[in-house]
Each structure stands twice: as structure tokens, then as C-alpha cells.
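Taking it in order: structure first as C-alpha cells, then the write-up.
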Amino acid sequence: MMEKKRVLVCSVSCWNKYAASDTFPLLLEGYGASYVANLYIRNEIPDSPVCKNYFCISENAVIKSILNRKIKTGRKVFAKQEEAKSSGDEFAVINRLYQNNVNKRRYLLLYAREILWKLGCWKSKELDAFLDEFKPDTVFFVMEGYIHLNRISRYILKRTGAKGVGYFWDDNFTYKQSNSLGYKIYRFFQRRDLKKSAKMCSNFFAITPKTKKEADEFFGINCEVLTKPIDYKDAQYEKPQPSLPLKMLYTGKLIIGRFDTVKLIGEALDEINKNDVKIELDVYTTTVLDEKMKSELSPYVHILGAIPQTEVEKVQKEADVLLFAEAIAGKKSKAARLSFSTKLTDYFRSGKCILAVGNEETAPMEYLKEEDAAIIASDKEGLINALLQMTENLQLVSDYGEKAYECGKKNHDKEMIQKRLFNVLNGEK
């Protein structure tokens, strides 16, 4: 084996238990913390021991630097082992300017974000000093829809001469998600920007086979499929033994059409539970719902507060059914068409029955159907039928829990996934 390479990962959020995704830390766990660096652009404090070298470019500071060029926009950050939460001030700015999926995309704000980053002073002596000190051999980054983050990644590649490894985990390059004019104009600039990044990469990964197929065709490349890994080393699986009333669980945001899906599930629950309570849904989410939205939900849907990633596994163990929810119809139904929710691998490892509700043409729904790893529904009628099957045949719930677990072992085992990644990072492929 060749000498281990130094790897810099560029991401939106830092690596802490409150971040939306823990994919990168899990992928690089065991690689060697001193060989890993993470550059991120949210004003957060990391707590992951997987990395010893963190650098933050604060969006808030970049915006302020437009008027005050002396503001320090980048800094080295040290991981905290206590609970690390995000800065409220930072997210107040981000929510006003950048939150574009809760109700509808506001493309003028997306354009404004990119203009602000273009005008701001994200290049700094602090950033250069960090790069010169760490000396990355490989830069591993998501091929993002965030043009400003892609620009930062390309700057790092040019300055360091490091090898570029791109990761496709969302649809940021096709015109297949929407027919709106604003979307198509913005997507034009995203596609053009991603082509620049692709030219600077030696290797590519894709989150699903469907993502690989479309990325390969568009960019003329050859991706390897790489998903969030599942550690089965010390796993001891026990087949679920569910009982009525079934407890269904969802942990995640209710954006990009997911609220409407949960609302529809609630209507189906009203039908199923009209004589006796057979199944209820608990929702742990960071999404703030107003009173009107809450009033639209079934009494069998319980909206609960946010919980850290460290507690998710505990509540999953207490559930009978885990809900995977995406938009079913309308403009938002194809938002996840090439993505693969990181919660699915968590679901597989839990060995609980998965109820997957969404557009059947998206990559995760296609995958679950092909692997027969979940009970699938894509409309209200299908939902009612799925819920009836589960409540009237508890053995089905148990069997699909086992199918989910076996799907994870076959396709997402950590040792297999990391071997694939480390070979590329170290230049062995």
C-alpha cells in the first residue's frame, strides 16, 4: 500500500452531531484524524474526532466583508468534545437570504447569494496559511449546486496542486426537476460551473446507480457508486416482533414537499384508525410549523422537537416502522430524483420495516423497490393499502425489517465502502 495521502474535504456544514449529514465523518472514520482536514462555510463548531484540522469560512463574515474589507472571514477551528451547536446569528442571516425550499424556491435570493459571495472576501491570508500548513494531496468535495463552494474547491485545487475527487449526491446538473423559467436559468449557471469543477477532478463518486448513470452521460466520466457506510462489525440483529398499535417514526426536516406527504399520511391514518387505533406516527423535526400547518395534521401524527443524531438510534429501536418520506406529486416531487437520503442507511442498520412514500421515479424509491427493501406507496390509495397490510399482517412488518437489514449488509457494508474510497484517495485507483 502506498503512503497515506492527506485529504481535505470541502463541505457546507461542519462535522457535528447537529449537522444534517454525518456521511463524510463515517466515510473517513479510521482513515487517521491527522491526515484529514475539513473546510466548511457555516458558522458552526465541529465535534467529530475523525478530523483534527478544521477551517471555517463564515458566510456572515463574507457578506459583511463587502462593506468592510478588513473583516476576518476565515479561521482555524478546533473540535469541541462537548455539545457543539450552530451560531444563532449566522443562521438568522442564512434563513433570511438562503432558505429557498420551505415554501418555494426564490431564485432571486439564490442569485443574490452567489453575487454576495462573488463580491465578498472569502480568499484570505488565513485560508492560504491553512492550505500551506496542511498541504493536501487530495481534495474530496461534493459536486454542489452551491456555485460559491465549488469556486472555493477549485481555488484550493489550483493553489495546492492536489488531486480532485468529485462526489455527486444530488441532481444539480439536469433540467428534469422542474419546468419553471427561474429554475432553468439558475440550473444553466450550475451546470456550467460544475463542468469547470469536473475538468479538475481525476476521480468521481456517485450516491446511487441512477446518479452515476446520468452524471456519466452528462459529464463524460465514469463514477463509482459510494453511499454512506453501515458498520455491521458489532451488530447483533434480532428480527422485530411488532404488536398493535404500531409505532411509526420519522426523523428529519419537513421541507421540499415532505410536509404535504406527512399530511397525506395523516389522512390515511384517519381512515385506518377510524374504529381502533392501529398505527400512529411520531415526527422528530427541526422544521418549525406554524399553528395553521399543525392544525392540518391528523391527531395520529405527533410533531415532536428536534433531537441530536446521537439519540436517533435510540428512538428508532423503539419504533416498529420507519418512514421514508419525499414529495409525492407537484413541482417538488422530483427534488430528490438523484439523491439518496442518508437516513436510509440508518434505517437499514436498524433492521426495522421501512415505509417509503414518494415519487416512484426518484433514485431512492427505485432503489428500494428493486431491492425489495421497503413497503412502497406513491399516492393516498397506495398508502391506505400499505397501512392496512402492515396492521393486518404483523409478520409482514417483521419480514420487511429483515429485508432492510440484509439490503444494508449486501450493499452498504462499511469495510467494503471504505476500501473503495480509500483506494481512490490514496491514488491506488
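Residue numbering restarts at 1 for every chain of the C-alpha cells, chains are lettered A, B, ... in their displayed order, and ligands are numbered from 1 as they appear.
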
Using only C-alpha atoms, which protein or nucleic acid residues come within 9 Å of Lys352 of chain A? Drop anything in the same chain fewer than 6 positions from it, and give the result as a tab-separated table (two decimals) with N, CA and C atoms, in the first residue's frame.
chain	number	residue	atom	x	y	z
A	239	LYS	N	-34.71	-10.14	14.80
A	239	LYS	CA	-35.87	-9.86	13.95
A	239	LYS	C	-36.98	-9.23	14.78
A	240	PRO	N	-37.56	-8.11	14.30
A	240	PRO	CA	-38.59	-7.41	15.08
A	240	PRO	C	-39.81	-8.27	15.34
A	316	GLN	N	-35.27	5.00	17.12
A	316	GLN	CA	-35.53	4.04	16.05
A	316	GLN	C	-35.73	2.64	16.62
A	317	LYS	N	-34.97	2.30	17.64
A	317	LYS	CA	-35.11	0.98	18.27
A	317	LYS	C	-36.48	0.79	18.89
A	319	ALA	N	-39.25	2.03	17.68
A	319	ALA	CA	-40.29	2.09	16.66
A	319	ALA	C	-40.51	0.72	16.01
A	320	ASP	N	-41.66	0.57	15.38
A	320	ASP	CA	-41.97	-0.63	14.60
A	320	ASP	C	-41.76	-0.41	13.12
A	321	VAL	N	-42.05	0.82	12.67
A	321	VAL	CA	-41.96	1.17	11.26
A	321	VAL	C	-41.22	2.50	11.14
A	322	LEU	N	-40.27	2.58	10.20
A	322	LEU	CA	-39.55	3.82	9.95
A	322	LEU	C	-40.02	4.41	8.62
A	397	VAL	N	-44.53	-6.86	8.58
A	397	VAL	CA	-43.71	-5.81	9.19
A	397	VAL	C	-42.37	-6.39	9.65
A	398	SER	N	-42.43	-7.55	10.26
A	398	SER	CA	-41.21	-8.21	10.73
A	398	SER	C	-40.32	-8.63	9.55
A	400	TYR	N	-40.17	-7.37	6.50
A	400	TYR	CA	-39.55	-6.24	5.81
A	400	TYR	C	-38.46	-5.58	6.65
A	401	GLY	N	-38.53	-5.75	7.95
A	401	GLY	CA	-37.42	-5.31	8.78
A	401	GLY	C	-36.16	-6.11	8.48
A	402	GLU	N	-36.33	-7.41	8.31
A	402	GLU	CA	-35.20	-8.28	7.98
A	402	GLU	C	-34.68	-7.98	6.58
A	403	LYS	N	-35.58	-7.71	5.63
A	403	LYS	CA	-35.16	-7.39	4.27
A	403	LYS	C	-34.32	-6.10	4.23
A	404	ALA	N	-34.74	-5.11	5.01
A	404	ALA	CA	-33.99	-3.85	5.07
A	404	ALA	C	-32.59	-4.09	5.62
A	405	TYR	N	-32.50	-4.88	6.66
A	405	TYR	CA	-31.21	-5.18	7.29
A	405	TYR	C	-30.28	-5.89	6.31

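Those residues of segment 223-350 of chain A that DSSP, working from the backbone, places in strand (DSSP E) are A:Glu224, A:Val225, A:Leu246, A:Lys247, A:Met248, A:Leu249, A:Tyr250, A:Thr251, A:Ile279, A:Glu280, A:Leu281, A:Asp282, A:Val283, A:Tyr284, A:Val301, A:His302, A:Ile303, A:Leu304, A:Val321, A:Leu322, A:Leu323, A:Phe324, A:Ala325.
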
Write the residues of the selection above to a file with C-alpha atoms, as a short mmCIF file (atom, residue, chain, number, x, y, z; two decimals), in the first residue's frame.
data_model
loop_
_atom_site.label_atom_id
_atom_site.label_comp_id
_atom_site.auth_asym_id
_atom_site.auth_seq_id
_atom_site.Cartn_x
_atom_site.Cartn_y
_atom_site.Cartn_z
CA GLU A 224 -18.02 4.67 -8.77
CA VAL A 225 -21.08 4.24 -6.57
CA LEU A 246 -47.80 0.05 15.54
CA LYS A 247 -45.46 2.95 16.23
CA MET A 248 -44.21 4.66 13.07
CA LEU A 249 -41.30 7.14 13.24
CA TYR A 250 -39.92 9.92 11.06
CA THR A 251 -36.80 11.92 11.93
CA ILE A 279 -50.88 2.83 13.97
CA GLU A 280 -49.58 6.31 14.84
CA LEU A 281 -46.73 8.49 13.56
CA ASP A 282 -44.14 10.33 15.68
CA VAL A 283 -42.19 13.07 13.88
CA TYR A 284 -38.93 14.50 15.24
CA VAL A 301 -49.43 12.49 13.71
CA HIS A 302 -47.39 13.76 16.67
CA ILE A 303 -44.95 16.60 15.93
CA LEU A 304 -42.06 16.47 18.40
CA VAL A 321 -41.96 1.17 11.26
CA LEU A 322 -39.55 3.82 9.95
CA LEU A 323 -40.98 6.34 7.49
CA PHE A 324 -39.02 7.49 4.46
CA ALA A 325 -40.92 10.49 3.09
#

Seminar exercise, completed: Using only C-alpha atoms, the residue out of A:Ile66, A:Ala327, A:Met390, A:Ala215 with shortest distance to Ile256 of chain A is A:Ala327

Problem set entry | Counting only C-alpha atoms, the option among A:Val262, A:Ala329, A:Leu119, A:Met143 closest to Val9 of chain A | A:Met143
